[in-house]
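S.K.: I am sharing query-v3.tsv, which consists of TSV, C-alpha atoms:
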```
chain	number	residue	atom	x	y	z
A	1	MET	CA	286.67	114.75	0.36
A	2	ALA	CA	284.14	114.95	-2.51
A	3	LEU	CA	284.09	112.55	-5.44
A	4	GLN	CA	286.33	113.80	-8.24
A	5	ILE	CA	286.67	112.51	-11.81
A	6	ASN	CA	289.71	113.60	-13.82
A	7	ALA	CA	289.03	112.62	-17.44
A	8	THR	CA	290.66	113.03	-20.85
A	9	ASN	CA	287.32	113.72	-22.55
A	10	PRO	CA	284.57	116.05	-21.25
A	11	GLU	CA	281.92	113.45	-22.17
A	12	HIS	CA	283.35	110.78	-19.88
A	13	PRO	CA	282.53	112.29	-16.44
A	14	ALA	CA	278.79	112.40	-17.23
A	15	LEU	CA	278.79	108.74	-18.31
A	16	LEU	CA	280.96	107.64	-15.39
A	17	LEU	CA	278.76	109.30	-12.76
A	18	GLU	CA	276.17	106.59	-13.37
A	19	LEU	CA	278.48	103.90	-11.95
A	20	PRO	CA	278.27	102.83	-8.25
A	21	TRP	CA	281.39	104.53	-6.90
A	22	HIS	CA	280.07	104.20	-3.34
A	23	LEU	CA	280.69	100.42	-3.49
A	24	PRO	CA	284.02	98.56	-3.43
A	25	LEU	CA	284.76	97.24	-6.92
A	26	GLU	CA	284.39	93.62	-5.75
A	27	GLU	CA	280.78	94.36	-4.73
A	28	TRP	CA	279.56	95.99	-7.95
A	29	PRO	CA	276.22	94.52	-9.12
A	30	GLU	CA	276.25	92.37	-12.26
A	31	LYS	CA	274.10	94.85	-14.19
A	32	TYR	CA	277.07	97.24	-14.43
A	33	LEU	CA	279.64	94.60	-15.43
A	34	VAL	CA	280.72	93.09	-18.73
A	35	PRO	CA	281.77	89.39	-18.61
A	36	LEU	CA	285.12	89.59	-20.41
A	37	PRO	CA	288.23	87.51	-19.61
A	38	ARG	CA	290.60	89.22	-17.18
A	39	GLY	CA	294.29	88.66	-16.65
A	40	ILE	CA	296.03	88.26	-13.32
A	41	SER	CA	296.45	91.53	-11.42
A	42	ARG	CA	297.59	92.54	-7.97
A	43	HIS	CA	294.58	94.86	-7.88
A	44	VAL	CA	290.85	94.32	-8.27
A	45	VAL	CA	289.91	94.87	-11.94
A	46	ARG	CA	286.44	94.80	-13.52
A	47	TYR	CA	285.02	95.54	-16.98
A	48	ALA	CA	281.96	97.76	-17.00
A	49	HIS	CA	279.60	99.66	-19.31
A	50	ALA	CA	279.97	103.43	-19.68
A	51	GLY	CA	277.44	104.49	-22.27
A	52	ASP	CA	278.35	102.66	-25.49
A	53	GLU	CA	281.90	102.00	-24.32
A	54	VAL	CA	283.37	99.11	-22.37
A	55	ILE	CA	285.85	100.27	-19.76
A	56	ALA	CA	288.36	98.56	-17.50
A	57	VAL	CA	288.23	99.78	-13.89
A	58	LYS	CA	291.21	99.13	-11.59
A	59	GLU	CA	291.15	99.86	-7.88
A	60	LEU	CA	294.36	101.24	-6.36
A	61	ALA	CA	295.64	104.03	-4.11
A	62	GLN	CA	295.27	107.64	-5.28
A	63	ARG	CA	298.93	108.49	-5.89
A	64	PRO	CA	299.77	105.44	-8.06
A	65	ALA	CA	296.43	105.81	-9.87
A	66	LEU	CA	297.21	109.39	-10.88
A	67	ARG	CA	300.79	108.48	-11.75
A	68	GLU	CA	299.79	105.57	-13.99
A	69	TYR	CA	297.13	107.73	-15.64
A	70	GLU	CA	299.74	110.32	-16.60
A	71	LEU	CA	302.21	107.66	-17.78
A	72	LEU	CA	299.58	106.09	-20.04
A	73	ARG	CA	298.80	109.52	-21.47
A	74	ASP	CA	302.52	110.02	-22.16
A	75	LEU	CA	302.71	106.66	-23.93
A	76	ASP	CA	299.69	107.61	-26.01
A	77	ARG	CA	301.39	110.83	-27.11
A	78	LEU	CA	304.48	108.80	-28.04
A	79	GLY	CA	302.40	106.41	-30.15
A	80	ILE	CA	303.22	103.35	-28.01
A	81	PRO	CA	300.72	100.45	-28.08
A	82	ALA	CA	299.08	100.69	-24.67
A	83	VAL	CA	295.58	100.81	-23.24
A	84	ASP	CA	293.85	104.18	-23.62
A	85	PRO	CA	293.53	106.09	-20.31
A	86	LEU	CA	290.12	107.66	-19.75
A	87	ALA	CA	289.90	108.88	-16.17
A	88	VAL	CA	290.88	108.65	-12.52
A	89	VAL	CA	288.17	108.71	-9.84
A	90	THR	CA	289.23	109.89	-6.36
A	91	GLY	CA	287.42	110.85	-3.16
A	92	ARG	CA	285.28	107.71	-3.09
A	93	THR	CA	283.44	106.84	0.14
A	94	ASP	CA	281.05	104.06	1.12
A	95	PRO	CA	277.51	104.74	2.50
A	96	ASP	CA	278.99	105.03	6.03
A	97	GLY	CA	281.45	107.70	4.90
A	98	GLU	CA	284.48	105.39	5.05
A	99	PRO	CA	287.07	106.10	2.32
A	100	LEU	CA	287.41	103.73	-0.64
A	101	GLU	CA	290.42	103.35	-2.92
A	102	SER	CA	290.68	105.44	-6.05
A	103	VAL	CA	290.22	103.83	-9.47
A	104	LEU	CA	292.00	104.12	-12.80
A	105	ILE	CA	289.75	103.79	-15.85
A	106	THR	CA	290.98	102.72	-19.28
A	107	ARG	CA	289.16	101.87	-22.48
A	108	HIS	CA	288.80	98.16	-23.17
A	109	LEU	CA	291.01	97.13	-26.07
A	110	GLY	CA	288.58	95.51	-28.50
A	111	GLY	CA	289.51	92.06	-29.77
A	112	SER	CA	292.28	91.65	-27.20
A	113	MET	CA	292.90	88.74	-24.86
A	114	PRO	CA	295.00	88.24	-21.71
A	115	TYR	CA	297.52	85.47	-22.22
A	116	ARG	CA	295.85	83.05	-19.78
A	117	SER	CA	292.64	83.10	-21.82
A	118	MET	CA	294.69	82.20	-24.87
A	119	PHE	CA	295.92	79.07	-23.08
A	120	GLU	CA	292.43	77.76	-22.35
A	121	THR	CA	293.07	75.49	-25.32
A	122	THR	CA	296.56	74.10	-25.87
A	123	MET	CA	298.64	76.67	-27.73
A	124	ARG	CA	301.13	75.29	-30.23
A	125	PRO	CA	304.83	76.20	-29.86
A	126	ALA	CA	304.78	78.06	-33.21
A	127	THR	CA	302.03	80.32	-31.87
A	128	MET	CA	304.02	80.93	-28.71
A	129	HIS	CA	307.02	82.01	-30.78
A	130	ARG	CA	304.82	84.66	-32.40
A	131	LEU	CA	303.65	85.70	-28.93
A	132	MET	CA	307.29	86.24	-27.87
A	133	ASP	CA	307.95	88.20	-31.07
A	134	ALA	CA	305.08	90.56	-30.27
A	135	LEU	CA	306.26	91.11	-26.69
A	136	ALA	CA	309.87	91.69	-27.84
A	137	VAL	CA	308.71	94.32	-30.35
A	138	LEU	CA	306.67	96.06	-27.65
A	139	LEU	CA	309.61	96.10	-25.24
A	140	VAL	CA	311.96	97.49	-27.91
A	141	ARG	CA	309.46	100.21	-28.80
A	142	LEU	CA	309.15	101.19	-25.14
A	143	HIS	CA	312.92	101.34	-24.71
A	144	LEU	CA	313.40	103.39	-27.87
A	145	ALA	CA	310.91	105.88	-26.42
A	146	GLY	CA	312.82	105.98	-23.11
A	147	PHE	CA	310.25	104.03	-21.09
A	148	ALA	CA	311.52	101.57	-18.49
A	149	TRP	CA	308.63	99.18	-17.83
A	150	GLY	CA	309.86	97.76	-14.54
A	151	ASP	CA	307.58	94.71	-14.69
A	152	CYS	CA	307.43	93.34	-18.25
A	153	SER	CA	305.41	90.14	-18.24
A	154	LEU	CA	302.68	88.28	-20.08
A	155	SER	CA	300.28	89.28	-17.29
A	156	ASN	CA	300.85	92.98	-17.94
A	157	THR	CA	300.24	92.64	-21.67
A	158	LEU	CA	297.20	92.23	-23.89
A	159	PHE	CA	297.45	90.51	-27.27
A	160	ARG	CA	295.49	91.10	-30.46
A	161	ARG	CA	295.63	89.11	-33.66
A	162	ASP	CA	297.56	91.00	-36.33
A	163	ALA	CA	297.28	89.14	-39.65
A	164	GLY	CA	299.33	85.97	-39.09
A	165	ALA	CA	301.09	87.34	-36.02
A	166	PHE	CA	300.16	89.10	-32.78
A	167	ALA	CA	300.31	92.70	-31.62
A	168	ALA	CA	301.16	93.31	-27.96
A	169	TYR	CA	299.80	96.19	-25.87
A	170	LEU	CA	301.00	97.39	-22.49
A	171	VAL	CA	298.14	97.20	-20.00
A	172	ASP	CA	299.89	98.04	-16.72
A	173	ALA	CA	302.26	101.01	-16.43
A	174	GLU	CA	302.21	101.22	-12.63
A	175	THR	CA	305.92	100.36	-12.23
A	176	GLY	CA	307.13	102.32	-15.27
A	177	ASP	CA	309.32	105.39	-15.62
A	178	LEU	CA	309.80	107.66	-18.62
A	179	HIS	CA	313.28	109.05	-19.33
A	180	PRO	CA	314.82	111.07	-22.18
A	181	GLU	CA	316.90	107.95	-22.95
A	182	LEU	CA	317.53	104.62	-21.26
A	183	THR	CA	320.98	103.40	-20.28
A	184	ARG	CA	322.14	99.94	-21.28
A	185	GLY	CA	321.81	98.89	-17.63
A	186	GLN	CA	318.18	100.03	-17.48
A	187	ARG	CA	317.34	98.11	-20.64
A	188	GLU	CA	319.09	94.95	-19.46
A	189	TYR	CA	317.34	95.12	-16.09
A	190	ASP	CA	313.96	95.35	-17.84
A	191	LEU	CA	314.90	92.47	-20.11
A	192	ASP	CA	316.02	90.27	-17.22
A	193	LEU	CA	312.74	90.95	-15.40
A	194	ALA	CA	310.87	89.91	-18.54
A	195	ARG	CA	312.84	86.64	-18.72
A	196	VAL	CA	312.16	85.75	-15.09
A	197	ASN	CA	308.49	86.77	-15.21
A	198	ILE	CA	307.73	84.90	-18.44
A	199	SER	CA	309.43	81.71	-17.27
A	200	GLY	CA	307.51	81.92	-13.98
A	201	GLU	CA	304.19	82.43	-15.74
A	202	LEU	CA	304.83	79.51	-18.10
A	203	LEU	CA	305.89	77.27	-15.19
A	204	ASP	CA	302.57	78.12	-13.55
A	205	LEU	CA	300.73	77.14	-16.73
A	206	GLU	CA	302.75	73.93	-16.91
A	207	ALA	CA	301.76	73.04	-13.36
A	208	SER	CA	298.08	73.51	-14.27
A	209	GLY	CA	298.41	71.31	-17.36
A	210	ALA	CA	297.69	74.17	-19.78
A	211	LEU	CA	301.10	74.22	-21.47
A	212	HIS	CA	301.99	72.22	-24.56
A	213	PRO	CA	304.25	69.32	-23.46
A	214	SER	CA	307.00	70.31	-25.91
A	215	VAL	CA	307.33	73.82	-24.47
A	216	ASP	CA	310.16	74.44	-22.01
A	217	PRO	CA	309.25	77.44	-19.79
A	218	ILE	CA	312.89	78.34	-19.13
A	219	ASP	CA	313.80	78.24	-22.83
A	220	PHE	CA	310.85	80.42	-23.76
A	221	GLY	CA	311.71	82.90	-21.04
A	222	THR	CA	315.21	83.11	-22.48
A	223	GLU	CA	313.88	83.38	-26.02
A	224	ILE	CA	312.49	86.87	-25.52
A	225	CYS	CA	316.01	88.06	-24.63
A	226	ALA	CA	317.40	86.71	-27.91
A	227	ARG	CA	314.55	88.17	-29.96
A	228	TYR	CA	314.85	91.53	-28.21
A	229	GLN	CA	318.63	91.69	-28.74
A	230	GLU	CA	318.30	90.80	-32.43
A	231	LEU	CA	315.70	93.49	-33.04
A	232	TRP	CA	317.50	96.11	-30.95
A	233	LYS	CA	320.75	95.51	-32.85
A	234	GLU	CA	319.02	95.82	-36.23
A	235	LEU	CA	317.37	99.09	-35.23
A	236	THR	CA	320.32	100.80	-33.58
A	237	ARG	CA	323.54	99.39	-35.06
A	238	THR	CA	326.04	101.55	-36.94
A	239	SER	CA	326.72	100.46	-40.52
A	240	VAL	CA	329.92	101.21	-42.47
A	241	TYR	CA	329.66	101.07	-46.27
A	242	PRO	CA	332.09	101.70	-49.14
A	243	ALA	CA	331.90	105.26	-50.48
A	244	GLY	CA	329.60	105.54	-53.47
A	245	LYS	CA	327.49	102.52	-52.47
A	246	HIS	CA	324.47	104.61	-51.57
A	247	HIS	CA	322.11	101.75	-52.39
A	248	TYR	CA	323.49	100.00	-49.30
A	249	ILE	CA	321.94	102.75	-47.18
A	250	GLU	CA	318.65	102.41	-49.05
A	251	ARG	CA	318.77	98.65	-48.51
A	252	ARG	CA	319.24	99.16	-44.76
A	253	ILE	CA	316.28	101.56	-44.66
A	254	ARG	CA	314.15	99.06	-46.58
A	255	ARG	CA	315.11	96.37	-44.09
A	256	LEU	CA	313.96	98.58	-41.22
A	257	ASN	CA	310.72	99.32	-43.08
A	258	GLU	CA	310.12	95.58	-43.50
A	259	LEU	CA	310.40	95.24	-39.74
A	260	GLY	CA	307.69	97.90	-39.45
A	261	PHE	CA	309.90	100.86	-38.47
A	262	ASP	CA	310.43	104.23	-40.12
A	263	VAL	CA	313.77	106.05	-40.17
A	264	ALA	CA	312.71	109.57	-39.25
A	265	GLU	CA	316.28	110.90	-38.95
A	266	MET	CA	319.68	109.57	-39.91
A	267	GLN	CA	323.33	110.45	-39.37
A	268	ILE	CA	325.78	109.90	-42.25
A	269	GLU	CA	329.50	110.52	-41.83
A	270	HIS	CA	332.23	110.25	-44.47
A	271	ALA	CA	335.63	108.91	-43.45
A	272	PRO	CA	338.50	111.49	-43.70
A	273	ASN	CA	340.03	109.58	-46.62
A	274	GLY	CA	336.66	109.36	-48.38
A	275	ASP	CA	336.74	105.57	-48.65
A	276	THR	CA	333.85	104.70	-46.34
A	277	VAL	CA	330.51	106.07	-45.21
A	278	THR	CA	329.13	105.50	-41.69
A	279	PHE	CA	325.33	105.34	-41.40
A	280	VAL	CA	323.40	105.50	-38.11
A	281	PRO	CA	319.58	105.49	-38.00
A	282	LYS	CA	319.06	108.20	-35.40
A	283	VAL	CA	315.33	107.86	-34.81
A	284	VAL	CA	313.19	104.84	-35.63
A	285	ASP	CA	309.41	104.95	-35.32
A	286	ALA	CA	307.25	101.83	-35.45
A	287	GLY	CA	304.20	101.53	-37.66
A	288	HIS	CA	305.66	102.18	-41.12
A	289	HIS	CA	302.93	100.29	-43.00
A	290	GLN	CA	300.23	101.46	-40.58
A	291	ARG	CA	300.98	105.09	-41.39
A	292	GLN	CA	301.22	104.43	-45.11
A	293	LEU	CA	297.84	102.68	-45.20
A	294	LEU	CA	296.24	105.33	-42.98
A	295	ARG	CA	297.54	108.11	-45.25
A	296	LEU	CA	296.25	106.40	-48.40
A	297	THR	CA	292.92	105.00	-47.21
A	298	GLY	CA	292.06	106.29	-43.76
A	299	LEU	CA	292.06	102.69	-42.44
A	300	ASP	CA	293.68	102.38	-39.01
A	301	THR	CA	295.00	98.83	-38.57
A	302	GLU	CA	297.74	96.80	-36.94
A	303	GLU	CA	301.15	96.72	-38.65
A	304	ASN	CA	301.00	93.26	-40.26
A	305	GLN	CA	297.41	93.80	-41.33
A	306	ALA	CA	298.47	97.05	-42.98
A	307	ARG	CA	301.31	95.31	-44.82
A	308	ARG	CA	298.91	92.69	-46.21
A	309	LEU	CA	296.24	95.22	-47.17
A	310	LEU	CA	298.82	97.41	-48.92
A	311	ASN	CA	299.94	94.44	-50.99
A	312	ASP	CA	296.36	93.76	-52.04
A	313	LEU	CA	295.78	97.45	-52.74
A	314	GLU	CA	298.86	97.66	-54.97
A	315	SER	CA	297.81	94.52	-56.88
A	316	TRP	CA	294.34	95.96	-57.40
A	317	MET	CA	295.63	99.37	-58.51
A	318	ALA	CA	297.75	97.69	-61.19
A	319	THR	CA	294.52	96.41	-62.79
A	320	GLN	CA	292.94	99.87	-63.08
A	321	ASP	CA	292.95	101.65	-66.45
A	322	ASP	CA	293.86	105.02	-64.94
A	323	TYR	CA	296.78	103.63	-62.92
A	324	ALA	CA	299.92	105.23	-64.37
A	325	PRO	CA	302.77	105.69	-61.88
A	326	GLY	CA	304.79	108.79	-62.68
A	327	ASP	CA	302.27	110.01	-65.27
A	328	PRO	CA	300.76	113.37	-64.22
A	329	LEU	CA	297.60	112.46	-66.15
A	330	GLY	CA	297.08	109.26	-64.17
A	331	ALA	CA	294.94	109.00	-61.06
A	332	ARG	CA	296.66	109.87	-57.80
A	333	PRO	CA	297.37	106.90	-55.46
A	334	GLU	CA	295.09	108.39	-52.80
A	335	VAL	CA	292.19	108.52	-55.27
A	336	LEU	CA	292.71	104.91	-56.30
A	337	ALA	CA	293.13	103.84	-52.67
A	338	HIS	CA	289.81	105.35	-51.63
A	339	ARG	CA	288.17	103.73	-54.64
A	340	TRP	CA	289.58	100.37	-53.46
A	341	VAL	CA	288.15	100.94	-49.98
A	342	ARG	CA	284.75	101.85	-51.43
A	343	GLU	CA	284.51	99.19	-54.15
A	344	VAL	CA	286.53	96.28	-52.74
A	345	PHE	CA	287.40	96.43	-49.05
A	346	ARG	CA	284.09	97.56	-47.52
A	347	PRO	CA	281.76	95.41	-49.68
A	348	THR	CA	283.93	92.35	-49.01
A	349	VAL	CA	283.92	92.82	-45.23
A	350	ARG	CA	280.20	93.59	-45.16
A	351	SER	CA	279.47	90.34	-46.97
A	352	VAL	CA	280.52	88.45	-43.81
A	353	PRO	CA	277.49	88.21	-41.48
A	354	PRO	CA	278.03	90.26	-38.28
A	355	GLU	CA	277.09	87.31	-36.06
A	356	LEU	CA	280.01	85.31	-37.49
A	357	ARG	CA	282.66	88.03	-37.15
A	358	GLY	CA	283.10	87.76	-33.40
A	359	GLN	CA	285.67	90.25	-32.15
A	360	MET	CA	287.61	90.32	-35.42
A	361	ASP	CA	288.02	93.83	-36.75
A	362	PRO	CA	287.43	94.58	-40.47
A	363	ALA	CA	291.15	94.45	-41.33
A	364	GLN	CA	291.52	91.00	-39.74
A	365	ILE	CA	288.44	89.73	-41.56
A	366	TYR	CA	289.80	90.96	-44.88
A	367	HIS	CA	293.20	89.40	-44.16
A	368	GLU	CA	291.59	86.04	-43.42
A	369	LEU	CA	289.58	86.23	-46.64
A	370	LEU	CA	292.77	86.89	-48.60
A	371	GLU	CA	294.42	83.93	-46.88
A	372	HIS	CA	291.46	81.71	-47.75
A	373	ARG	CA	291.55	82.90	-51.35
A	374	TRP	CA	295.23	82.01	-51.57
A	375	TYR	CA	294.56	78.57	-50.09
A	376	LEU	CA	291.76	77.86	-52.58
A	377	SER	CA	293.86	79.12	-55.49
A	378	GLU	CA	296.78	76.90	-54.49
A	379	ARG	CA	294.51	73.90	-54.25
A	380	ALA	CA	292.85	74.62	-57.59
A	381	GLN	CA	296.14	75.58	-59.30
A	382	HIS	CA	294.53	78.71	-60.74
A	383	ASP	CA	293.34	82.05	-59.39
A	384	ILE	CA	290.10	81.97	-57.43
A	385	GLY	CA	288.10	85.18	-57.43
A	386	LEU	CA	287.55	87.03	-54.17
A	387	ASP	CA	283.77	86.63	-54.37
A	388	THR	CA	284.13	82.85	-54.60
A	389	ALA	CA	286.60	82.82	-51.70
A	390	VAL	CA	284.24	84.89	-49.54
A	391	GLU	CA	281.32	82.56	-50.23
A	392	ASP	CA	283.43	79.48	-49.39
A	393	TYR	CA	284.85	81.11	-46.24
A	394	ILE	CA	281.38	81.99	-44.93
A	395	ARG	CA	279.92	78.57	-45.81
A	396	LYS	CA	282.75	76.26	-44.77
A	397	VAL	CA	285.17	78.02	-42.40
A	398	LEU	CA	283.26	80.30	-40.04
A	399	PRO	CA	280.49	77.82	-39.07
A	400	LYS	CA	283.11	75.28	-37.94
A	401	ARG	CA	284.59	77.63	-35.37
A	402	ARG	CA	283.38	76.52	-31.96
A	403	GLU	CA	283.73	79.97	-30.49
A	404	PRO	CA	283.79	82.74	-33.12
A	405	LEU	CA	284.19	85.34	-30.36
A	406	ARG	CA	287.66	84.07	-29.52
A	407	PRO	CA	289.87	85.87	-32.05
A	408	LEU	CA	293.23	84.55	-30.86
A	409	GLU	CA	292.65	80.84	-30.86
A	410	GLU	CA	294.60	78.79	-33.34
```
For the structure just supplied, provide its representation as structure tokens.
M.R.:
Amino acid sequence: MALQINATNPEHPALLLELPWHLPLEEWPEKYLVPLPRGISRHVVRYAHAGDEVIAVKELAQRPALREYELLRDLDRLGIPAVDPLAVVTGRTDPDGEPLESVLITRHLGGSMPYRSMFETTMRPATMHRLMDALAVLLVRLHLAGFAWGDCSLSNTLFRRDAGAFAAYLVDAETGDLHPELTRGQREYDLDLARVNISGELLDLEASGALHPSVDPIDFGTEICARYQELWKELTRTSVYPAGKHHYIERRIRRLNELGFDVAEMQIEHAPNGDTVTFVPKVVDAGHHQRQLLRLTGLDTEENQARRLLNDLESWMATQDDYAPGDPLGARPEVLAHRWVREVFRPTVRSVPPELRGQMDPAQIYHELLEHRWYLSERAQHDIGLDTAVEDYIRKVLPKRREPLRPLEE
């Protein structure tokens, strides 16, 4: 059987042909590899160069490789946070003609870390709570899309810093199944697996001395269930309001928006006697602030980053002479937003030396600068300009970081 590369982009096969597919992944020479932290996997996984891209290469049998490739493509079409599938390589043989396992290739998620790398220094309980929040949001989003993960765990997730929180990405879809809609039993099975897996992973960290002494692995495993149930209820519950109280519906929608979800469709029913109105959010899509910022500025960020940047954008627009909401003679929000990107956002980010940025993306850098500005203003009891905050951040904060390339450390 000849070597075959099934890829999502016609450019990828040419780049991938340069890699040593005739060797087992464990034997690849160092010159092809990228020394990035890897999580625990039942398969051999390596990071490698493919042109200007960094890719993750996972060795597994042909059928599950092709299946996971298609599942990741489905999740991408659904807008679910997951690693980006690039290709599947089949028909591999060694120099003696003996068959080698197929490989699944995904794009490395820049700025992300496996959970074990995050525990190389003691992680505080408050940070772990945010970690559980991120994983609960990911699991809810998967279930809303009809995806049963089948093996939800910290090991199968990558985490990126998202303003003051984390964003979780699915990295292993091998055990997953996509359905039109999940039953309650399917969701509860997935949730119970998550509880058991997370507690087991934290017990393992505890045994190695990497867990904060105040953290109870069993409690934290249970915590994701409570956080999941709370979020699921908020997103899917039926609300009954008095007739005429339409602002109650708007308040519910605003609450969902604050959680980062859009109501794309809703069902409203009036009671026969006209005294009450029943409201059900039929479809909820995550990324409300992401989409709003992308539409206004073209910046593609995480959800919490987008929320923070939108707040800064709105504050800046209010200072512009041609800002006149509702006035047809005023500048359109999109025009002002692009001016903000050109005159404020980009110059501010570029003022931070590249060697000090590490793996932080521009949105995270800008968020941290806003946080530092707020801190300085609180300490001084008056507003500190952004230029002053940037200078202080570069001079006093970044040089003190032992490892600027580690974006998730507290």
S.K.: For region 55-123 of chain A against region 129-133 of chain A, with a cut-off of 12 Å and counting only C-alpha atoms, what is the closest atom pair and its distance in Å to one decimal for every residue that makes the cut, ordered by chain and number, as JSON lines?
M.R.:
```
{"residue": "A:Met113", "atom": "CA", "partner": "A:Leu131", "partner_atom": "CA", "distance": 11.9}
{"residue": "A:Pro114", "atom": "CA", "partner": "A:Leu131", "partner_atom": "CA", "distance": 11.5}
{"residue": "A:Tyr115", "atom": "CA", "partner": "A:Leu131", "partner_atom": "CA", "distance": 9.1}
{"residue": "A:Met118", "atom": "CA", "partner": "A:Leu131", "partner_atom": "CA", "distance": 10.4}
{"residue": "A:Phe119", "atom": "CA", "partner": "A:Leu131", "partner_atom": "CA", "distance": 11.7}
{"residue": "A:Met123", "atom": "CA", "partner": "A:His129", "partner_atom": "CA", "distance": 10.4}
```
S.K.: Show which residues sit within 7 Å of Gln305 (chain A), as a VMD selection string. Count only C-alpha atoms, and ignore same-chain residues fewer than 2 positions away.
M.R.: chain A and resid 162 to 163 301 to 303 307 to 309 363 to 364 367
S.K.: Just to confirm, what's the straight-line distance from CA of Gly39 (chain A) to CA of Arg116 (chain A) in Å (one decimal)?
M.R.: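 Between CA of Gly39 (chain A) and CA of Arg116 (chain A) the gap is 6.6 Å.
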S.K.: If I take CA of Trp340 (chain A) and CA of His289 (chain A), how far is one from the other in Å, to one decimal?
M.R.: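 Result for CA of Trp340 (chain A) versus CA of His289 (chain A): 17.0 Å, one decimal.
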S.K.: Would you mind reading off the distance between CA of Asp321 (chain A) and CA of Arg291 (chain A), one decimal, in Å?
M.R.: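 Interatomic distance here is 26.5 Å.
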S.K.: When you look at Leu36 (chain A) with a cut-off of 10 Å (counting all atoms listed in the file), what residues show up, excluding the ones that are within fewer than 3 positions of it in the same chain? I need them as an NGL selection string.
M.R.: :A and (33 or 39 or 46-48 or 54 or 56 or 108 or 113)
S.K.: Would you mind listing what lies within 12 Å of region 75-78 of chain A as a PDB file with C-alpha atoms, in the frame of the given file, with all atoms listed in the file counted and same-chain residues fewer than 5 positions away left out?
M.R.:
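Wrote it out as around-v4.pdb, contents follow:
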```
ATOM      1  CA  THR A   8     290.660 113.030 -20.850  1.00  0.00           C
ATOM      2  CA  GLU A  68     299.790 105.570 -13.990  1.00  0.00           C
ATOM      3  CA  TYR A  69     297.130 107.730 -15.640  1.00  0.00           C
ATOM      4  CA  GLU A  70     299.740 110.320 -16.600  1.00  0.00           C
ATOM      5  CA  VAL A  83     295.580 100.810 -23.240  1.00  0.00           C
ATOM      6  CA  ASP A  84     293.850 104.180 -23.620  1.00  0.00           C
ATOM      7  CA  PRO A  85     293.530 106.090 -20.310  1.00  0.00           C
ATOM      8  CA  LEU A  86     290.120 107.660 -19.750  1.00  0.00           C
ATOM      9  CA  LEU A 138     306.670  96.060 -27.650  1.00  0.00           C
ATOM     10  CA  ARG A 141     309.460 100.210 -28.800  1.00  0.00           C
ATOM     11  CA  LEU A 142     309.150 101.190 -25.140  1.00  0.00           C
ATOM     12  CA  HIS A 143     312.920 101.340 -24.710  1.00  0.00           C
ATOM     13  CA  LEU A 144     313.400 103.390 -27.870  1.00  0.00           C
ATOM     14  CA  ALA A 145     310.910 105.880 -26.420  1.00  0.00           C
ATOM     15  CA  GLY A 146     312.820 105.980 -23.110  1.00  0.00           C
ATOM     16  CA  PHE A 147     310.250 104.030 -21.090  1.00  0.00           C
ATOM     17  CA  ALA A 148     311.520 101.570 -18.490  1.00  0.00           C
ATOM     18  CA  TRP A 149     308.630  99.180 -17.830  1.00  0.00           C
ATOM     19  CA  TYR A 169     299.800  96.190 -25.870  1.00  0.00           C
ATOM     20  CA  LEU A 170     301.000  97.390 -22.490  1.00  0.00           C
ATOM     21  CA  VAL A 171     298.140  97.200 -20.000  1.00  0.00           C
ATOM     22  CA  ASP A 172     299.890  98.040 -16.720  1.00  0.00           C
ATOM     23  CA  ALA A 173     302.260 101.010 -16.430  1.00  0.00           C
ATOM     24  CA  GLY A 176     307.130 102.320 -15.270  1.00  0.00           C
ATOM     25  CA  ASP A 177     309.320 105.390 -15.620  1.00  0.00           C
ATOM     26  CA  LEU A 178     309.800 107.660 -18.620  1.00  0.00           C
ATOM     27  CA  HIS A 179     313.280 109.050 -19.330  1.00  0.00           C
ATOM     28  CA  ASP A 285     309.410 104.950 -35.320  1.00  0.00           C
ATOM     29  CA  ALA A 286     307.250 101.830 -35.450  1.00  0.00           C
TER      30      ALA A 286
END
```
S.K.: Between A:Asp219, A:Asp151, A:Glu258, A:Glu334, single out the one closest to Asp190 (chain A), counting only C-alpha atoms.
M.R.: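 Checking each of A:Asp219, A:Asp151, A:Glu258, A:Glu334 against Asp190 (chain A), counting only C-alpha atoms, the winner is A:Asp151.
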S.K.: Let me know the centre plus edge lengths, in Å and rounded to one decimal, of a box with edges along x, y and z that contains all listed atoms of region 73-88 of chain A and is padded by 6 Å on every side, as lines of an AutoDock Vina configuration file.
M.R.:
```
center_x = 297.2
center_y = 105.6
center_z = -21.3
size_x = 26.6
size_y = 22.4
size_z = 29.6
```
S.K.: Restricting the calculation to all atoms listed in the file, which member of A:Glu26, A:Pro333, A:Val352, A:Thr106 is positioned closest to Ala318 (chain A)?
M.R.: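 Closest candidate: A:Pro333.
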S.K.: In terms of the shortest atom-to-atom distance over only C-alpha atoms, which of A:Leu71, A:Val45, A:Val140, A:Met317 is closest to Arg339 (chain A)?
M.R.: A:Met317
S.K.: Using all atoms listed in the file, what residues lie at most 12 Å away from (304.6, 74.3, -20.0) (file coordinates), given as a ChimeraX atom specification?
M.R.: /A:119,122-125,128,198-221
S.K.: Which is closer to Phe345 (chain A) than all the others in A:Thr297, A:Thr388, A:Thr319, A:Gln267, using all atoms listed in the file?
M.R.: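 For Phe345 (chain A), the nearest of the candidates is A:Thr297.
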S.K.: Rank A:Val89, A:Leu15, A:Leu109, A:Ala7 by their smallest atom-to-atom distance to Arg73 (chain A), using all atoms listed in the file, and report the top residue only.
M.R.: A:Ala7
S.K.: Might you pull out every residue within 12 Å of Glu343 (chain A), with all atoms listed in the file counted and same-chain residues fewer than 6 positions away left off, and present them as number ranges by chain?
M.R.: A: 313, 316-317, 336-337, 349-350
S.K.: Let me make sure I understand: among A:Val137, A:Ile40, A:Leu356, A:Ile365, which one has the smallest atom-to-atom distance to Arg395 (chain A) if we use all atoms listed in the file?
M.R.: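 Closest residue, counting all atoms listed in the file: A:Leu356.
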